[in-house]
Structure formats: structure tokens, C-alpha cells
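Peer 1: I have a structure I would like to understand better, so I am pasting it below and will then ask my questions one at a time.
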Amino acid sequence: MDRYSFSLTTFAPNGKLLQIEHALAAVGNGSTSVGIKAANGVVIATEKKAGSSLIDVSSLEHMVMVCESIGMVYSGMGPDFRVLVNSARKAAQKYRRIYMEDPPVRILVKELASIMQEFTQSGGVRPFGVSLLIAGVDDRGPNLYQVDPSGSYFPWKATAIGKNMVNSKTFLEKRFDNDIDLEDAVYTAILTLKEGFEGQMTEQSIDVGVITTIPTTQADGKQKPPRFQRLSPAEIKDYLSNVA
Amino acid sequence: MHSIMEYNGAAIVAMKGKNCIAIGADKRLGQRQLTVDTNFKKVFPITERTYIGLSGLATDVKTLHDQFRMRVNLYKHREERVIEPKTFANLVSHVLYERRFGSYLVNPVIAGLDKNDIPFICGMDSIGCIDLADNFIVCGTAEENLYGACEGLWEPDLEPEELFETISQALLNSVDRDAMSGWGAVVHIITPAGVITRDLKSRMD
């Protein structure tokens with residue numbers, strides 16, 4: 001019991017937390033993910049690399065919905081991501097339980113970041129080996145946040161994490177402008193992934209998630225708030241054919 | 001028979017008008033038949049545009065007001081925005097249901113304008129069942145009197161001044177027939193331009 005009552009993440013003399021540095025290295029080894037905040041929505045996308053052709057790629061879940069208005073993608077360790085997805089979904093439903101509405105993105109991000117920070121200061125645990133890109137729409141419009149293993153979070157207009165983040169971010173800097181339309185943002189996200197992609201990019205090898213700021217009108221005239229959606233392989237194929 | 005909900009006495013009413021809301025309450029605090037305070041607040045501002053009235057056991061009225069103020073302040077600081085009436089109503093419902101088996105002995109009434117200036121009123125039982133209404137909500141020891149008065153006097157789309165007259169008459173005449181409420185009344189009219197609070201001249205008994 002005593003062996004794990006202290007934190008495994010301790011300060012080095014230069015002021016760094018080495019475990020977090022190592023966690024970031026694990027993130028840097030992971031598949032690239034990109035996110036772009038458009039004027040009328042947000043898009044997040046990731047490489048879905050299967051280790052072998054025998055893997056059933058359609059059942060890989062890299063792009064998840066946290067709640068109706070928020071989606072999430074990662075770079076780093078898949079199993080750590082799964083744990084955080086459960087925490088995020090539970091946190092969102094807890095909020096809903098009290099207020100009967102989805103949490104604003106910034107509130108969910110704070111909650112997740114707080115959980116990730118806990119694992120850098122609790123006994124016997126290690127930090128999560130993932131960085132998250134969280135996309136959603138709330139009262140402030142479209143939002144894109146990155147959350148790191150340390151628990152730091154950053155709001156972004158456009159960003160990339162994972163293996164190819166440096167080149168991808170340079171690529172994005174050239175192409176981003178504040179008034180970019182969601183459609184264009186999706187193309188740009190796919191193009192950005194393509195830049196660093198090893199081999200042939202098909203609709204089975206990337207995952208794209210989109211949420212627009214425009215509420216959908218139901219058959220009875222009522223307005224439903226915007227919904228996070230994973231693009232189907234057919235839709236991705238359409239985008240790819242126009243990008244080739 | 002003694003009912004703990006009737007120990008202190010109260011009369012609270014909220015009404016919807018045309019782009020405005022009215023919420024009013026009596027000012028009596030009693031201990032059974034003894035009157036102890038004639039200036040007891042039962043309606044509280046939660047934000048500039050959302051008010052809550054609480055009838056029932058006075059100690060719970062005060063305690064819950066403090067609870068809600070704390071939770072709404074935390075909300076404001078965390079979310080960096082003002083809470084909407086509907087969201088606040090759900091928060092109140094949650095807080096009350098948390099004490100499902102050992103409940104607060106109150107009946108809340110919530111009235112406010114949302115960010116698009118649309119009026120919102122609702123009532124609740126003591127364990128948080130929300131009663132959304134299009135016209136008026138009443139509660140307290142004078143509840144039944146208020147139901148009758150409101151049903152007779154209320155009509156849709158009343159302007160702020162007309163709404164004030166309507167709610168005042170409903171309140172005054174109802175508390176006059178109830179021994180446990182009265183001793184003065186206060187009415188708040190909430191419009192997009194601001195809130196007007198008026199004290200009513202009533203029978204002091």
C-alpha cells in the first residue's frame with residue numbers, strides 16, 4: 001500500500017515532469033490527427049492505420065461522439081483514449097442530469113483536462129498517453145480544443161497532433177483563414193492528412209467527424225441542436241475523389 | 001391538523017404577460033397563529049432577469065436561497081455566462097430531488113426572461129417535479145384562493161402595466177381570505193428593459 005501512495009510523476013531538477021515528456025513522446029508516435037474550426041462548424045480527422053490488411057477497419061473507433069454536440073479524436077495510445085472517452089461521456093451526462101442540456105465545449109474540456117491532470121499527481125498511476133482534439137458547438141459557436149497528457153488545454157483555430165504535427169501545422173497555417181467555410185475546412189483537413197500519409201489514402205484509412213453550427217429542422221418544424229457526425233466511408237470517398 | 005408546510009404561511013404567484021413576467025408574494029412570516037415578521041422576503045433575484053419565489057417552511061426557504069445563490073455563482077464563474085431560466089429550473093429540480101427521502105419543505109416558483117426575451121415560468125413540488133405553465137403558477141397556504149383568482153383574472157398577452165394590476169388583484173384578494181398569509185405584498189415586473197419592484201398597499205392582518 002505504501003509503495004503506491006506517492007506520485008510516480010515527480011519533478012526533475014530542470015523543472016520538467018519527465019513522465020509527461022515521455023507521454024508526449026508516446027503521442028508523437030501516434031497517428032496524425034487534425035482539426036479545423038470553420039466559420040460555421042468544426043471538422044476533426046485522423047489516420048486510421050490498420051497494422052495488417054486482415055484487420056476489419058470499419059470496426060475501429062478512432063472518432064467518437066462524446067455527446068450530441070461534441071466529438072473527440074486522439075493521437076497516441078488507443079486504450080488510454082477509450083478510458084477518457086468513457087470519462088468524457090459520463091461527465092457530459094452528469095452535466096445533462098443537472099441542467100438538461102449538453103455541456104458547453106469549454107466546460108467538458110476543463111473536466112477532461114482536470115481528470116488528466118489528476119493522473120499526474122496521484123499515487124501509483126501514470127499520465128495518459130494521448131492528446132485529444134475535442135470539437136463541438138455551443139452557445140459560443142464552433143470550438144476546437146486540444147488537451148495534453150499534462151492536463152493543459154489549448155483552444156485552436158486549426159491544429160494537428162501526432163506523428164506529422166509539425167509539417168501539418170505549417171501546411172494549415174498557409175491554408176487557414178478565419179472565414180473558412182465548413183466544406184472547405186473538410187477538404188483542407190483531408191488534404192493535410194494526405195500530405196503526411198504513407199501509401200495510398202482511401203476512405204477506409206481515415207476517419208472524419210463534422211459538426212455544423214446550423215441547427216437541423218425536424219419534420220414537425222422543431223429545431224434540433226447541431227449534432228456531431230462521423231462521415232460515412234461513402235461520403236469520405238466523395239471528398240477524396242475531388243481532392244485527388 | 002398540523003401541517004409543517006403551513007407553519008409559516010405564504011402566498012406566491014407568477015404570471016406570463018406579453019414579453020414580460022410578473023412574480024409576487026406576501027410578506028408575512030408567522031409561527032402558526034403568531035405573526036413574527038411583516039417584511040419577510042420570499043421572492044429572490046437569481047440573475048437580473050430570473051427570479052425564484054419559495055413557499056413552505058421558512059428555514060428551508062432561506063437555506064435553499066443560499067444554496068441556489070452559491071450554485072448559480074459557481075455556474076457563472078465556471079461557464080462565464082449568466083444562467084438561463086429554464087436551465088436554472090432544471091438545476092432547482094435536481095437539487096430538490098437529491099433530497100428525495102428527506103426533502104426540503106418548499107414549493108418553488110420560477111419566473112424569468114431568457115436570452116431572447118421570451119418569458120418563462122414554472123412551478124415545482126417539494127421534490128422537483130417541474131410544472132411548466134403558459135399562464136400562471138401559484139403556491140403557498142393561499143394556493144387554492146390564488147388558483148381561483150388567477151383563473152378568473154388572467155388573460156394572455158397582458159402588457160406590463162396591465163399584468164401588474166392583474167397579479168396584484170389576484171394576490172391581494174387571495175391573501176385576504178387566508179389567515180396564514182398577508183401583512184403586505186411585493187410584486188416584481190420583469191421586462192426586457194428592466195425590473196420594476198412595487199410594494200402593495202394591503203390589509204395588515
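To be explicit about the labels: the chains of the C-alpha cells are called A, B, and onward in the order shown, and within each one the residues are counted from 1, while ligands get numbers from 1 in the order they are shown.
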Give me, as CSV, the closest atom pair and its distance (Å, one decimal) for every residue of stretch 10-58 of chain A within a cut-off of 9 Å of stretch 124-140 of chain A, counting only C-alpha atoms, rows sorted by chain and rising number.

Peer 2:
```
residue,atom,partner,partner_atom,distance
A:Gln19,CA,A:Pro127,CA,7.1
A:Ile20,CA,A:Pro127,CA,6.6
A:His22,CA,A:Gly129,CA,8.4
A:Ala23,CA,A:Gly129,CA,4.9
A:Leu24,CA,A:Gly129,CA,6.9
A:Ala25,CA,A:Gly129,CA,8.4
A:Ala26,CA,A:Gly129,CA,5.8
A:Val27,CA,A:Val130,CA,5.4
A:Gly30,CA,A:Val130,CA,8.4
A:Ser33,CA,A:Leu133,CA,7.8
A:Val34,CA,A:Leu133,CA,7.8
A:Gly35,CA,A:Leu133,CA,7.0
A:Ile36,CA,A:Ala135,CA,8.9
A:Lys37,CA,A:Ala135,CA,8.3
A:Gly41,CA,A:Val137,CA,7.2
A:Val42,CA,A:Ala135,CA,6.2
A:Val43,CA,A:Ala135,CA,7.2
A:Ile44,CA,A:Ala135,CA,6.9
```

Peer 1: Any idea which chain B residues end up within 6 Å of chain A if we count only C-alpha atoms, as number ranges by chain please?

Peer 2: B: 87, 90-91, 94

Peer 1: Would you list the contacts of stretch 120-132 of chain B as a ChimeraX atom specification, taking every protein, DNA or RNA residue within 10 Å and counting only C-alpha atoms, but skipping same-chain residues closer than 2 positions in sequence?

Peer 2: /B:13-17,19-23,50-56,84-86,89-114,117-118,134-139

Peer 1: Using only C-alpha atoms, which protein or nucleic acid residues come within 9 Å of A:Glu195? Drop anything in the same chain fewer than 2 positions from it, and give the result as an NGL selection string.

Peer 2: :A and (164 or 167-168 or 171 or 190-193 or 197-198)

Peer 1: Go through A:Asn14, A:Gln117, A:Ser52, A:Gln204 one by one, measure the shortest atom-to-atom distance of each to A:Ile236 using only C-alpha atoms, and give the residue with the smallest value.

Peer 2: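 Answer, going by the shortest atom-to-atom distance: A:Gln204.
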